[in-house]
Structure formats: structure tokens, C-alpha cells
$ cat start-v2.cif   # mmCIF, C-alpha atoms
data_model
#
loop_
_atom_site.group_PDB
_atom_site.id
_atom_site.type_symbol
_atom_site.label_atom_id
_atom_site.label_comp_id
_atom_site.auth_asym_id
_atom_site.auth_seq_id
_atom_site.Cartn_x
_atom_site.Cartn_y
_atom_site.Cartn_z
ATOM 1 C CA MET A 546 0.000 0.000 0.000
ATOM 2 C CA ASN A 547 1.437 3.358 -0.911
ATOM 3 C CA ALA A 548 1.318 6.476 1.260
ATOM 4 C CA LEU A 549 -1.438 8.088 -0.843
ATOM 5 C CA THR A 550 -3.728 5.055 -0.390
ATOM 6 C CA VAL A 551 -3.138 5.064 3.381
ATOM 7 C CA LEU A 552 -3.845 8.809 3.572
ATOM 8 C CA ALA A 553 -7.032 8.455 1.482
ATOM 9 C CA ALA A 554 -8.263 5.576 3.654
ATOM 10 C CA GLY A 555 -7.538 7.579 6.808
ATOM 11 C CA LEU A 556 -9.380 10.650 5.511
ATOM 12 C CA ALA A 557 -12.366 8.537 4.454
ATOM 13 C CA GLY A 558 -12.537 7.017 7.952
ATOM 14 C CA LEU A 559 -12.311 10.475 9.506
ATOM 15 C CA ALA A 560 -15.084 11.778 7.244
ATOM 16 C CA LEU A 561 -17.349 8.919 8.339
ATOM 17 C CA ALA A 562 -16.570 9.391 12.029
ATOM 18 C CA THR A 563 -16.796 13.184 12.167
ATOM 19 C CA PRO A 564 -20.491 14.070 11.614
ATOM 20 C CA VAL A 565 -21.854 12.863 14.950
ATOM 21 C CA ALA A 566 -18.840 14.016 16.967
ATOM 22 C CA ALA A 567 -18.754 17.415 15.281
ATOM 23 C CA ALA A 568 -22.517 17.999 15.155
ATOM 24 C CA ASP A 569 -23.901 20.554 17.572
ATOM 25 C CA VAL A 570 -26.518 19.046 19.870
ATOM 26 C CA GLY A 571 -27.954 22.482 20.564
ATOM 27 C CA GLY A 572 -31.155 23.353 18.745
ATOM 28 C CA ARG A 573 -34.758 22.287 18.434
ATOM 29 C CA TRP A 574 -35.828 18.626 18.548
ATOM 30 C CA LEU A 575 -39.181 17.013 17.764
ATOM 31 C CA THR A 576 -40.296 14.262 20.156
ATOM 32 C CA PRO A 577 -42.500 11.280 19.193
ATOM 33 C CA THR A 578 -45.437 12.979 20.949
ATOM 34 C CA GLY A 579 -45.114 16.105 18.793
ATOM 35 C CA ALA A 580 -43.477 18.338 21.396
ATOM 36 C CA THR A 581 -40.525 20.524 20.429
ATOM 37 C CA ILE A 582 -37.653 20.752 22.910
ATOM 38 C CA GLU A 583 -34.843 23.294 22.655
ATOM 39 C CA THR A 584 -31.474 21.963 23.859
ATOM 40 C CA TYR A 585 -28.666 24.322 24.886
ATOM 41 C CA SER A 586 -25.491 24.555 26.952
ATOM 42 C CA CYS A 587 -26.005 25.543 30.574
ATOM 43 C CA GLY A 588 -22.549 26.023 31.996
ATOM 44 C CA ASN A 589 -20.635 22.800 31.366
ATOM 45 C CA ALA A 590 -23.838 20.793 31.038
ATOM 46 C CA LEU A 591 -26.535 20.095 28.476
ATOM 47 C CA CYS A 592 -30.057 21.311 29.250
ATOM 48 C CA GLY A 593 -33.375 21.475 27.421
ATOM 49 C CA ARG A 594 -36.594 23.425 27.706
ATOM 50 C CA ILE A 595 -40.072 22.918 26.318
ATOM 51 C CA ASP A 596 -40.718 25.065 23.264
ATOM 52 C CA THR A 597 -44.140 23.769 22.253
ATOM 53 C CA SER A 598 -46.391 20.712 22.436
ATOM 54 C CA GLU A 599 -49.860 19.649 21.380
ATOM 55 C CA GLY A 600 -51.165 20.756 24.765
ATOM 56 C CA LEU A 601 -49.461 24.161 24.489
ATOM 57 C CA ARG A 602 -50.875 24.702 21.009
ATOM 58 C CA LYS A 603 -54.369 24.169 22.476
ATOM 59 C CA ASN A 604 -53.659 26.086 25.691
ATOM 60 C CA PRO A 605 -50.638 28.445 25.478
ATOM 61 C CA ASP A 606 -51.079 29.287 29.185
ATOM 62 C CA MET A 607 -50.757 25.623 30.273
ATOM 63 C CA ARG A 608 -49.359 25.191 33.813
ATOM 64 C CA ASP A 609 -47.270 22.454 35.444
ATOM 65 C CA THR A 610 -50.288 21.171 37.392
ATOM 66 C CA LYS A 611 -49.024 17.606 37.917
ATOM 67 C CA ASN A 612 -45.745 18.596 39.539
ATOM 68 C CA SER A 613 -45.095 16.567 42.700
ATOM 69 C CA ASN A 614 -44.041 19.832 44.376
ATOM 70 C CA ALA A 615 -47.273 21.756 44.966
ATOM 71 C CA SER A 616 -45.466 25.115 45.040
ATOM 72 C CA LEU A 617 -44.380 24.623 41.390
ATOM 73 C CA ARG A 618 -47.798 23.743 39.958
ATOM 74 C CA SER A 619 -48.569 27.284 38.804
ATOM 75 C CA ARG A 620 -45.420 27.703 36.668
ATOM 76 C CA PRO A 621 -45.892 27.803 32.875
ATOM 77 C CA VAL A 622 -45.038 24.691 30.851
ATOM 78 C CA LYS A 623 -43.744 26.793 27.928
ATOM 79 C CA GLY A 624 -40.049 27.370 28.549
ATOM 80 C CA LEU A 625 -39.966 24.835 31.379
ATOM 81 C CA VAL A 626 -36.528 23.238 31.812
ATOM 82 C CA MET A 627 -37.092 19.512 31.430
ATOM 83 C CA LEU A 628 -33.487 18.371 30.801
ATOM 84 C CA SER A 629 -30.768 19.438 33.209
ATOM 85 C CA GLY A 630 -27.312 18.524 34.402
ATOM 86 C CA PHE A 631 -26.233 16.235 31.549
ATOM 87 C CA THR A 632 -22.448 16.109 31.274
ATOM 88 C CA GLY A 633 -20.079 14.465 28.840
ATOM 89 C CA GLY A 634 -20.186 14.825 25.092
ATOM 90 C CA PRO A 635 -19.458 15.310 22.325
ATOM 91 C CA SER A 636 -22.012 12.631 21.418
ATOM 92 C CA LYS A 637 -23.164 11.133 24.743
ATOM 93 C CA TRP A 638 -24.210 12.857 27.966
ATOM 94 C CA SER A 639 -25.209 11.261 31.247
ATOM 95 C CA GLY A 640 -25.812 12.042 34.895
ATOM 96 C CA GLY A 641 -28.673 14.386 34.151
ATOM 97 C CA GLN A 642 -32.307 14.623 35.056
ATOM 98 C CA VAL A 643 -35.408 14.453 32.879
ATOM 99 C CA TYR A 644 -38.558 16.150 34.154
ATOM 100 C CA ASN A 645 -41.813 14.876 32.656
ATOM 101 C CA PRO A 646 -44.634 17.415 33.072
ATOM 102 C CA GLN A 647 -47.171 14.783 31.977
ATOM 103 C CA ASP A 648 -46.714 12.908 35.255
ATOM 104 C CA GLY A 649 -44.904 15.543 37.352
ATOM 105 C CA ARG A 650 -41.906 13.275 38.039
ATOM 106 C CA THR A 651 -38.165 13.615 37.537
ATOM 107 C CA TYR A 652 -36.067 10.730 36.211
ATOM 108 C CA SER A 653 -32.355 10.060 35.859
ATOM 109 C CA GLY A 654 -31.279 9.922 32.255
ATOM 110 C CA SER A 655 -28.856 10.041 29.385
ATOM 111 C CA VAL A 656 -28.790 11.722 25.997
ATOM 112 C CA GLU A 657 -26.990 10.397 22.938
ATOM 113 C CA LEU A 658 -26.543 12.037 19.553
ATOM 114 C CA THR A 659 -26.866 8.972 17.298
ATOM 115 C CA ALA A 660 -26.740 10.949 14.023
ATOM 116 C CA PRO A 661 -26.518 14.682 13.265
ATOM 117 C CA ASP A 662 -30.326 14.796 13.129
ATOM 118 C CA LYS A 663 -31.229 12.147 15.747
ATOM 119 C CA LEU A 664 -31.075 12.311 19.523
ATOM 120 C CA LYS A 665 -31.818 9.374 21.822
ATOM 121 C CA LEU A 666 -33.157 10.320 25.245
ATOM 122 C CA THR A 667 -33.341 7.683 27.973
ATOM 123 C CA GLY A 668 -35.077 8.255 31.290
ATOM 124 C CA CYS A 669 -34.935 5.806 34.198
ATOM 125 C CA ALA A 670 -36.824 5.311 37.441
ATOM 126 C CA LEU A 671 -34.867 3.512 40.168
ATOM 127 C CA ALA A 672 -32.065 3.055 37.585
ATOM 128 C CA ILE A 673 -33.653 -0.176 36.342
ATOM 129 C CA PHE A 674 -36.931 0.837 34.726
ATOM 130 C CA CYS A 675 -35.864 2.780 31.645
ATOM 131 C CA LYS A 676 -37.587 4.099 28.527
ATOM 132 C CA SER A 677 -35.966 5.645 25.469
ATOM 133 C CA GLN A 678 -37.231 7.970 22.762
ATOM 134 C CA GLU A 679 -35.696 9.118 19.507
ATOM 135 C CA TRP A 680 -35.978 12.824 18.792
ATOM 136 C CA LYS A 681 -35.510 14.341 15.340
ATOM 137 C CA ARG A 682 -33.850 17.675 14.667
ATOM 138 C CA VAL A 683 -36.196 20.477 13.594
ATOM 139 C CA ASN A 684 -34.723 22.814 10.976
#
$ encode --input "start-v2.cif" --output "C-alpha cells"
Amino acid sequence: MNALTVLAAGLAGLALATPVAAADVGGRWLTPTGATIETYSCGNALCGRIDTSEGLRKNPDMRDTKNSNASLRSRPVKGLVMLSGFTGGPSKWSGGQVYNPQDGRTYSGSVELTAPDKLKLTGCALAIFCKSQEWKRVN
């Protein structure tokens, strides 16, 4: 194998490996339920807030009425931080929390960028009962 062939093979491998690692996880993501979540950097962590959902389209003044903390039940759902404290990267984050306003509970979780336009969110209760969703990037 000559040097040019080795260099070409190396560059091809780099080109295939780069998109997920280099892709920015920040932006808007569509969930399977039709909600749009905006992810962003919050210090050294990854966070996300609710941009819109089917419920918010019907009732833009929707409140966090199912929150297990009664003092938080009057806060608006729009803009609510539902992902917080995820660390790691550039393609996988863990150690964070996922708040689900549909049941008012907070779960441990992880986030993985599986392709430049796909994000896998996993939330766990008691670290053994886990559910995952695939989110798609919104342009």
C-alpha cells in the first residue's frame, strides 16, 4: 500500500466518524409525541426546555399542574426546563435529570446524539426501569 492510499483511507474514515462528533446538539428537537424541545449549553452541562407541544398549542397558558411539588404547579409549561445537568459529550451525555410534566416526576437519564439529526433520550426510574425515545432535529 502506498502512502497516498493510506492517507485516502484515513481521511475517508475520519469523514465517516466526524459528523456525529462534530454535530452541535444544541437546537430544536421534535419528540414522538409532537413536542418541540430546545437543547442548549447551561454552563458545562446540556439542558433542554419545552418550546411547544400539542397541549401548548391548544392552551398556550398551560401550567405544570401535575408537579409533585405543589409550590411549582402554577409555573408555565412553555419554557420549562425539562433536561438538566447532563455532562459528557461530544455525542453522549449522562448524569442528568429528565422532568416529565405529563406525570410531574423527575427521572435520571442520558442523551446520545446517534446521528446529526437524531437524539436518543433515555429516562430511568430507580435506575432499572428505563424508557428511550428518539428525537428528530427540527430545521
$ closest_residue --input "start-v2.cif" --among "A:Pro621, A:Gly571, A:Pro605, A:Gly668" --to "A:Cys587" --atoms "all atoms listed in the file"
A:Gly571
$ atom_distance --input "start-v2.cif" --atom1 "atom CA of A:Gly633" --atom2 "atom CA of A:Asn612"
28.1 Å
$ atom_distance --input "start-v2.cif" --atom1 "atom CA of A:Gly649" --atom2 "atom CA of A:Arg608"
11.2 Å
$ residues_around --input "start-v2.cif" --residues "A:Thr659" --least-positions-apart "3" --cutoff "8 Å" --atoms "only C-alpha atoms" --output "MDAnalysis selection string"
chainID A and resid 565 636 662:665
$ closest_residue --input "start-v2.cif" --among "A:Thr597, A:Gln647, A:Ser586, A:Thr581" --to "A:Gly634" --atoms "only C-alpha atoms"
A:Ser586
